[in-house]
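Coordinates from protein34.csv are shown below (CSV, C-alpha atoms).
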```csv
chain,number,residue,atom,x,y,z
A,29,MET,CA,8.5,-15.8,-2.4
A,30,ALA,CA,8.8,-18.6,-4.9
A,31,GLU,CA,9.2,-17.9,-8.6
A,32,GLY,CA,6.0,-16.7,-10.3
A,33,ARG,CA,4.8,-15.3,-6.9
A,34,LEU,CA,5.2,-11.8,-5.6
A,35,LYS,CA,4.7,-10.6,-2.0
A,36,ILE,CA,3.8,-6.9,-2.0
A,37,VAL,CA,3.1,-5.2,1.3
A,38,VAL,CA,0.9,-2.1,1.4
A,39,PHE,CA,1.7,0.6,3.8
A,40,GLY,CA,0.2,4.0,4.6
A,41,SER,CA,-1.1,6.3,7.2
A,42,PHE,CA,-4.4,5.8,9.1
A,43,ASN,CA,-7.3,6.3,6.7
A,44,ALA,CA,-5.2,6.6,3.6
A,45,GLY,CA,-7.2,3.8,1.8
A,46,LYS,CA,-5.0,0.7,2.1
A,47,SER,CA,-7.9,-1.6,2.7
A,48,SER,CA,-10.0,-0.1,0.0
A,49,PHE,CA,-7.0,-0.4,-2.4
A,50,ILE,CA,-6.7,-4.1,-1.7
A,51,GLN,CA,-10.4,-4.7,-1.9
A,52,ALA,CA,-10.6,-2.8,-5.3
A,53,LEU,CA,-7.9,-5.2,-6.6
A,54,ASP,CA,-9.4,-8.4,-5.0
A,55,PRO,CA,-13.1,-8.1,-4.0
A,56,ARG,CA,-12.7,-11.4,-2.1
A,57,SER,CA,-9.8,-10.1,0.1
A,58,ARG,CA,-9.7,-10.7,3.8
A,59,HIS,CA,-9.8,-7.9,6.3
A,60,ILE,CA,-9.6,-7.7,10.1
A,61,GLU,CA,-10.9,-4.5,11.5
A,62,ALA,CA,-12.2,-2.9,14.7
A,63,THR,CA,-14.2,0.2,15.3
A,64,SER,CA,-12.5,3.3,16.7
A,65,LYS,CA,-13.7,6.8,17.4
A,66,GLU,CA,-12.5,7.8,14.0
A,67,GLY,CA,-14.3,4.9,12.3
A,68,PRO,CA,-13.3,1.4,11.2
A,69,THR,CA,-9.6,0.6,11.3
A,70,THR,CA,-7.4,-2.4,10.4
A,71,VAL,CA,-6.1,-4.1,13.5
A,72,ALA,CA,-4.2,-7.0,12.1
A,73,PHE,CA,-3.8,-7.0,8.3
A,74,ASP,CA,-5.6,-7.2,5.0
A,75,PHE,CA,-4.8,-10.0,2.5
A,76,GLY,CA,-5.7,-10.2,-1.1
A,77,ARG,CA,-4.4,-12.1,-4.1
A,78,LEU,CA,-4.7,-11.7,-7.8
A,79,GLN,CA,-2.9,-12.7,-11.1
A,80,VAL,CA,-0.9,-10.0,-12.9
A,81,GLY,CA,0.3,-11.5,-16.2
A,82,ASP,CA,2.2,-14.7,-15.2
A,83,GLN,CA,2.7,-13.5,-11.6
A,84,ALA,CA,0.6,-14.5,-8.7
A,85,VAL,CA,0.5,-11.4,-6.5
A,86,TYR,CA,-0.1,-11.6,-2.8
A,87,LEU,CA,-1.0,-8.3,-1.1
A,88,PHE,CA,-0.6,-7.7,2.6
A,89,GLY,CA,-2.1,-4.5,4.0
A,90,THR,CA,-0.7,-3.1,7.2
A,91,PRO,CA,-2.4,-1.1,9.9
A,92,GLY,CA,-1.6,2.6,9.8
A,93,GLN,CA,-1.4,3.5,13.5
A,94,GLU,CA,2.0,3.9,15.0
A,95,ARG,CA,1.4,1.3,17.7
A,96,PHE,CA,1.2,-1.5,15.1
A,97,GLU,CA,4.9,-1.1,14.0
A,98,PHE,CA,5.5,-4.7,15.1
A,99,VAL,CA,2.8,-5.9,12.6
A,100,ARG,CA,4.5,-3.9,9.8
A,101,GLN,CA,7.8,-5.5,10.7
A,102,ILE,CA,6.5,-9.0,10.6
A,103,LEU,CA,4.6,-8.6,7.4
A,104,SER,CA,7.6,-7.0,5.7
A,105,ARG,CA,9.7,-10.1,6.0
A,106,GLY,CA,10.4,-11.5,2.6
A,107,MET,CA,8.5,-8.8,0.6
A,108,ASP,CA,9.4,-8.4,-3.0
A,109,GLY,CA,8.0,-4.9,-3.2
A,110,ALA,CA,6.2,-2.2,-1.2
A,111,ILE,CA,3.4,0.2,-1.9
A,112,ILE,CA,2.7,3.3,0.2
A,113,VAL,CA,-0.9,4.6,-0.2
A,114,VAL,CA,-1.1,8.3,0.4
A,115,ASP,CA,-4.3,10.3,0.8
A,116,ALA,CA,-4.0,12.9,-2.0
A,117,THR,CA,-6.3,15.3,-0.1
A,118,THR,CA,-3.8,15.5,2.8
A,119,GLY,CA,-0.5,14.7,1.2
A,120,VAL,CA,2.7,13.4,2.7
A,121,ASP,CA,2.3,13.4,6.4
A,122,ALA,CA,4.8,12.4,9.2
A,123,MET,CA,3.7,8.7,9.1
A,124,THR,CA,4.2,8.5,5.3
A,125,ARG,CA,7.6,10.1,5.7
A,126,HIS,CA,8.5,7.6,8.4
A,127,LEU,CA,7.4,4.6,6.3
A,128,TYR,CA,9.2,6.0,3.3
A,129,ASP,CA,12.5,6.4,5.2
A,130,GLN,CA,12.2,2.9,6.6
A,131,LEU,CA,11.5,1.3,3.3
A,132,LYS,CA,14.3,3.2,1.5
A,133,GLY,CA,16.7,1.9,4.1
A,134,LEU,CA,15.6,-1.7,3.2
A,135,GLU,CA,16.2,-0.9,-0.5
A,136,VAL,CA,13.0,-2.6,-1.5
A,137,PRO,CA,11.3,-1.6,-4.8
A,138,LEU,CA,8.7,1.0,-3.9
A,139,ALA,CA,5.7,2.7,-5.5
A,140,PHE,CA,3.2,5.3,-4.2
A,141,MET,CA,-0.5,5.3,-4.8
A,142,ALA,CA,-1.9,8.8,-4.6
A,143,ASN,CA,-5.4,7.8,-3.4
A,144,LYS,CA,-8.7,9.7,-3.3
A,145,CYS,CA,-7.9,11.5,-6.5
A,146,ASP,CA,-11.6,11.7,-7.2
A,147,SER,CA,-12.2,13.8,-4.0
A,148,PRO,CA,-12.4,17.6,-3.8
A,149,GLY,CA,-9.0,19.0,-2.8
A,150,ALA,CA,-7.0,16.1,-4.1
A,151,VAL,CA,-3.5,17.2,-5.2
A,152,PRO,CA,-1.5,14.2,-6.4
A,153,GLU,CA,1.1,16.6,-7.9
A,154,ALA,CA,2.0,17.7,-4.4
A,155,ILE,CA,2.9,14.1,-3.6
A,156,ARG,CA,5.1,13.9,-6.7
A,157,ARG,CA,6.7,17.2,-5.6
A,158,ASP,CA,7.3,15.9,-2.0
A,159,LEU,CA,8.8,12.6,-3.3
A,160,PRO,CA,10.9,13.5,-6.3
A,161,GLY,CA,12.0,10.7,-8.4
A,162,GLU,CA,9.5,8.2,-7.0
A,163,MET,CA,6.8,6.3,-8.9
A,164,VAL,CA,3.5,8.0,-8.0
A,165,HIS,CA,0.2,6.7,-9.4
A,166,PRO,CA,-3.0,8.7,-9.1
A,167,ILE,CA,-5.9,6.3,-8.1
A,168,SER,CA,-9.2,6.1,-6.5
A,169,ALA,CA,-9.4,2.9,-4.4
A,170,ARG,CA,-13.1,3.5,-3.6
A,171,SER,CA,-14.2,3.7,-7.3
A,172,GLY,CA,-11.4,1.5,-8.6
A,173,ASP,CA,-10.1,4.1,-11.0
A,174,ASN,CA,-6.5,3.2,-12.1
A,175,VAL,CA,-5.9,0.7,-9.4
A,176,HIS,CA,-5.3,-2.3,-11.7
A,177,ALA,CA,-3.2,-0.2,-14.1
A,178,ALA,CA,-1.1,1.2,-11.3
A,179,LEU,CA,-0.4,-2.3,-9.8
A,180,ASP,CA,0.3,-3.7,-13.3
A,181,ALA,CA,2.9,-1.0,-13.8
A,182,PHE,CA,4.5,-1.7,-10.5
A,183,VAL,CA,4.6,-5.4,-11.0
A,184,ALA,CA,6.2,-4.8,-14.4
A,185,THR,CA,9.1,-3.0,-12.7
A,186,LEU,CA,9.5,-6.0,-10.3
A,187,ALA,CA,9.7,-8.4,-13.2
A,188,THR,CA,12.7,-6.6,-14.6
A,189,ARG,CA,14.8,-6.9,-11.4
```
Full structure transcribed into structure tokens:
Amino acid sequence: MAEGRLKIVVFGSFNAGKSSFIQALDPRSRHIEATSKEGPTTVAFDFGRLQVGDQAVYLFGTPGQERFEFVRQILSRGMDGAIIVVDATTGVDAMTRHLYDQLKGLEVPLAFMANKCDSPGAVPEAIRRDLPGEMVHPISARSGDNVHAALDAFVATLATR
């Protein structure tokens, strides 16, 4: 994106909390969803924007189902950074590992949001163990706990690149 603007794409498994994460950061965010047997799900993408310091940050949330790989590829074009939201109650699953491998191959700056840390059974330490050396932030997208601080920390790493 242009100077002073960052495009950050938010990835994660189905029901990890990508939409909730973006909505916690930008309550006016846009969201396109449908109802499935598992509940509401993103079918196109989420879009949010906010200011972090002197950077305009544009957040694009991707759908978590495998069949939407083409949407993830389109939204990834020109991204300045990537966030993978991981459900801290279930840990790193096959989809998270797939996304991680793809993004590492693109050599894009990456951060992990260990979401649902306020839920019983949340183990953000397990995510850190499964992804050694990676930036993992414990958050609760639903309550908003630590979401702004985590994004601010990630944006600060992008500014130094």
Top pick for closest residue to Asn43 (chain A), considering A:Val183, A:Leu103, A:Leu87, A:Ala169 and counting all atoms listed in the file
A:Ala169
Would you compute the distance between CA of Glu31 (chain A) and CA of Ile167 (chain A)? Give it in Å to one decimal.
28.5 Å
Mind checking which residues fall within 12 Å of Gly45 (chain A), counting only C-alpha atoms, ignoring those fewer than 5 positions away in the same chain, and posting them as number ranges by chain?
A: 38-40, 50-52, 68-70, 74, 89-92, 111-117, 141-145, 167-172, 175
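Proximity to Asp121 (chain A) was assessed for A:Arg33, A:Arg56, A:Ile155, A:Asp82 counting all atoms listed in the file; the smallest distance is recorded for A:Ile155.
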Counting only C-alpha atoms, write as a list in words all protein and nucleic acid residues lying at most 12 Å from (7.0, 11.1, 7.8) in the file's frame.
Gly40, Ser41, Glu94, Ile112, Val114, Gly119, Val120, Asp121, Ala122, Met123, Thr124, Arg125, His126, Leu127, Tyr128, Asp129, Gln130, Leu131, Asp158 and Leu159 of chain A
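Taking CA of Arg95 (chain A) and CA of Ala139 (chain A) as endpoints, the distance between them is 23.6 Å.
Pairwise distance (CA of Val37 (chain A), CA of Met107 (chain A)) equals 6.5 Å.
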For Ile102 (chain A), the nearest of the candidates A:Gly133, A:Phe73, A:Val151, A:Gln83, counting all atoms listed in the file
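Closest candidate: A:Phe73.
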Option closest in space to Gly106 (chain A), from A:Arg58, A:Lys35, A:Glu162, A:Leu179 [counting only C-alpha atoms]
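Residue with the minimum atom-to-atom distance to Gly106 (chain A): A:Lys35.
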Would you compute an axis-aligned box for region 133-142 of chain A, covering every atom listed for it in the file with 8 Å of margin on each side, and report centre and edge lengths in Å to one decimal as AutoDock Vina command-line options?
```
--center_x 7.4 --center_y 3.1 --center_z -0.7 --size_x 34.6 --size_y 27.4 --size_z 25.6
```
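Among the candidate residues A:Phe88, A:His176, A:Gln93, A:Leu186, the one lying nearest to Ala44 (chain A) is A:Gln93, with distances computed using all atoms listed in the file.
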Select, from A:Leu34, A:Thr118, A:Ala150, A:Met163, the residue with the minimum atom-to-atom distance to Val80 (chain A), counting all atoms listed in the file.
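Going through A:Leu34, A:Thr118, A:Ala150, A:Met163 one by one, the smallest distance to Val80 (chain A) is for A:Leu34.
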Please complete region 148-180 of chain A with N, CA and C atoms and give it back as a tab-separated table (two decimals), keeping the file's coordinate frame.
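Full text of result_6.tsv as output:
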```tsv
chain	number	residue	atom	x	y	z
A	148	PRO	N	-12.71	16.14	-3.78
A	148	PRO	CA	-12.40	17.60	-3.80
A	148	PRO	C	-11.12	17.85	-3.02
A	149	GLY	N	-10.26	18.67	-3.53
A	149	GLY	CA	-9.00	19.00	-2.80
A	149	GLY	C	-7.88	18.08	-3.02
A	150	ALA	N	-8.07	17.04	-3.85
A	150	ALA	CA	-7.00	16.10	-4.10
A	150	ALA	C	-5.89	16.79	-4.94
A	151	VAL	N	-4.64	16.62	-4.51
A	151	VAL	CA	-3.50	17.20	-5.20
A	151	VAL	C	-2.39	16.18	-5.36
A	152	PRO	N	-2.56	15.23	-6.29
A	152	PRO	CA	-1.50	14.20	-6.40
A	152	PRO	C	-0.16	14.82	-6.87
A	153	GLU	N	-0.19	15.98	-7.51
A	153	GLU	CA	1.10	16.60	-7.90
A	153	GLU	C	1.91	17.02	-6.71
A	154	ALA	N	1.25	17.34	-5.60
A	154	ALA	CA	2.00	17.70	-4.40
A	154	ALA	C	2.76	16.49	-3.85
A	155	ILE	N	2.19	15.30	-4.01
A	155	ILE	CA	2.90	14.10	-3.60
A	155	ILE	C	4.11	13.88	-4.45
A	156	ARG	N	3.96	14.06	-5.75
A	156	ARG	CA	5.10	13.90	-6.70
A	156	ARG	C	6.20	14.94	-6.31
A	157	ARG	N	5.79	16.14	-5.95
A	157	ARG	CA	6.70	17.20	-5.60
A	157	ARG	C	7.48	16.82	-4.27
A	158	ASP	N	6.74	16.25	-3.30
A	158	ASP	CA	7.30	15.90	-2.00
A	158	ASP	C	8.21	14.64	-2.08
A	159	LEU	N	8.00	13.83	-3.12
A	159	LEU	CA	8.80	12.60	-3.30
A	159	LEU	C	9.40	12.54	-4.66
A	160	PRO	N	10.31	13.45	-4.92
A	160	PRO	CA	10.90	13.50	-6.30
A	160	PRO	C	11.61	12.25	-6.67
A	161	GLY	N	11.38	11.86	-7.91
A	161	GLY	CA	12.00	10.70	-8.40
A	161	GLY	C	11.31	9.37	-8.13
A	162	GLU	N	10.24	9.43	-7.35
A	162	GLU	CA	9.50	8.20	-7.00
A	162	GLU	C	8.33	7.97	-7.92
A	163	MET	N	7.96	6.70	-8.06
A	163	MET	CA	6.80	6.30	-8.90
A	163	MET	C	5.54	6.62	-8.12
A	164	VAL	N	4.74	7.59	-8.62
A	164	VAL	CA	3.50	8.00	-8.00
A	164	VAL	C	2.35	7.78	-8.96
A	165	HIS	N	1.37	6.97	-8.58
A	165	HIS	CA	0.20	6.70	-9.40
A	165	HIS	C	-1.04	7.33	-8.85
A	166	PRO	N	-1.74	8.17	-9.59
A	166	PRO	CA	-3.00	8.70	-9.10
A	166	PRO	C	-4.10	7.62	-9.22
A	167	ILE	N	-4.81	7.37	-8.12
A	167	ILE	CA	-5.90	6.30	-8.10
A	167	ILE	C	-7.06	6.81	-7.30
A	168	SER	N	-8.12	6.05	-7.41
A	168	SER	CA	-9.20	6.10	-6.50
A	168	SER	C	-9.59	4.71	-6.09
A	169	ALA	N	-9.19	4.31	-4.90
A	169	ALA	CA	-9.40	2.90	-4.40
A	169	ALA	C	-10.94	2.69	-4.29
A	170	ARG	N	-11.68	3.70	-3.87
A	170	ARG	CA	-13.10	3.50	-3.60
A	170	ARG	C	-13.85	3.22	-4.94
A	171	SER	N	-13.52	3.96	-6.01
A	171	SER	CA	-14.20	3.70	-7.30
A	171	SER	C	-13.47	2.69	-8.15
A	172	GLY	N	-12.22	2.40	-7.80
A	172	GLY	CA	-11.40	1.50	-8.60
A	172	GLY	C	-10.65	2.08	-9.72
A	173	ASP	N	-10.76	3.40	-9.88
A	173	ASP	CA	-10.10	4.10	-11.00
A	173	ASP	C	-8.56	3.91	-10.89
A	174	ASN	N	-7.98	3.35	-11.92
A	174	ASN	CA	-6.50	3.20	-12.10
A	174	ASN	C	-5.84	2.26	-11.17
A	175	VAL	N	-6.56	1.54	-10.31
A	175	VAL	CA	-5.90	0.70	-9.40
A	175	VAL	C	-5.19	-0.51	-10.05
A	176	HIS	N	-5.87	-1.13	-11.01
A	176	HIS	CA	-5.30	-2.30	-11.70
A	176	HIS	C	-4.10	-1.82	-12.57
A	177	ALA	N	-4.27	-0.73	-13.29
A	177	ALA	CA	-3.20	-0.20	-14.10
A	177	ALA	C	-1.97	0.15	-13.32
A	178	ALA	N	-2.19	0.76	-12.16
A	178	ALA	CA	-1.10	1.20	-11.30
A	178	ALA	C	-0.35	-0.06	-10.76
A	179	LEU	N	-1.09	-1.07	-10.30
A	179	LEU	CA	-0.40	-2.30	-9.80
A	179	LEU	C	0.29	-3.00	-10.94
A	180	ASP	N	-0.33	-3.08	-12.10
A	180	ASP	CA	0.30	-3.70	-13.30
A	180	ASP	C	1.64	-3.04	-13.58
```
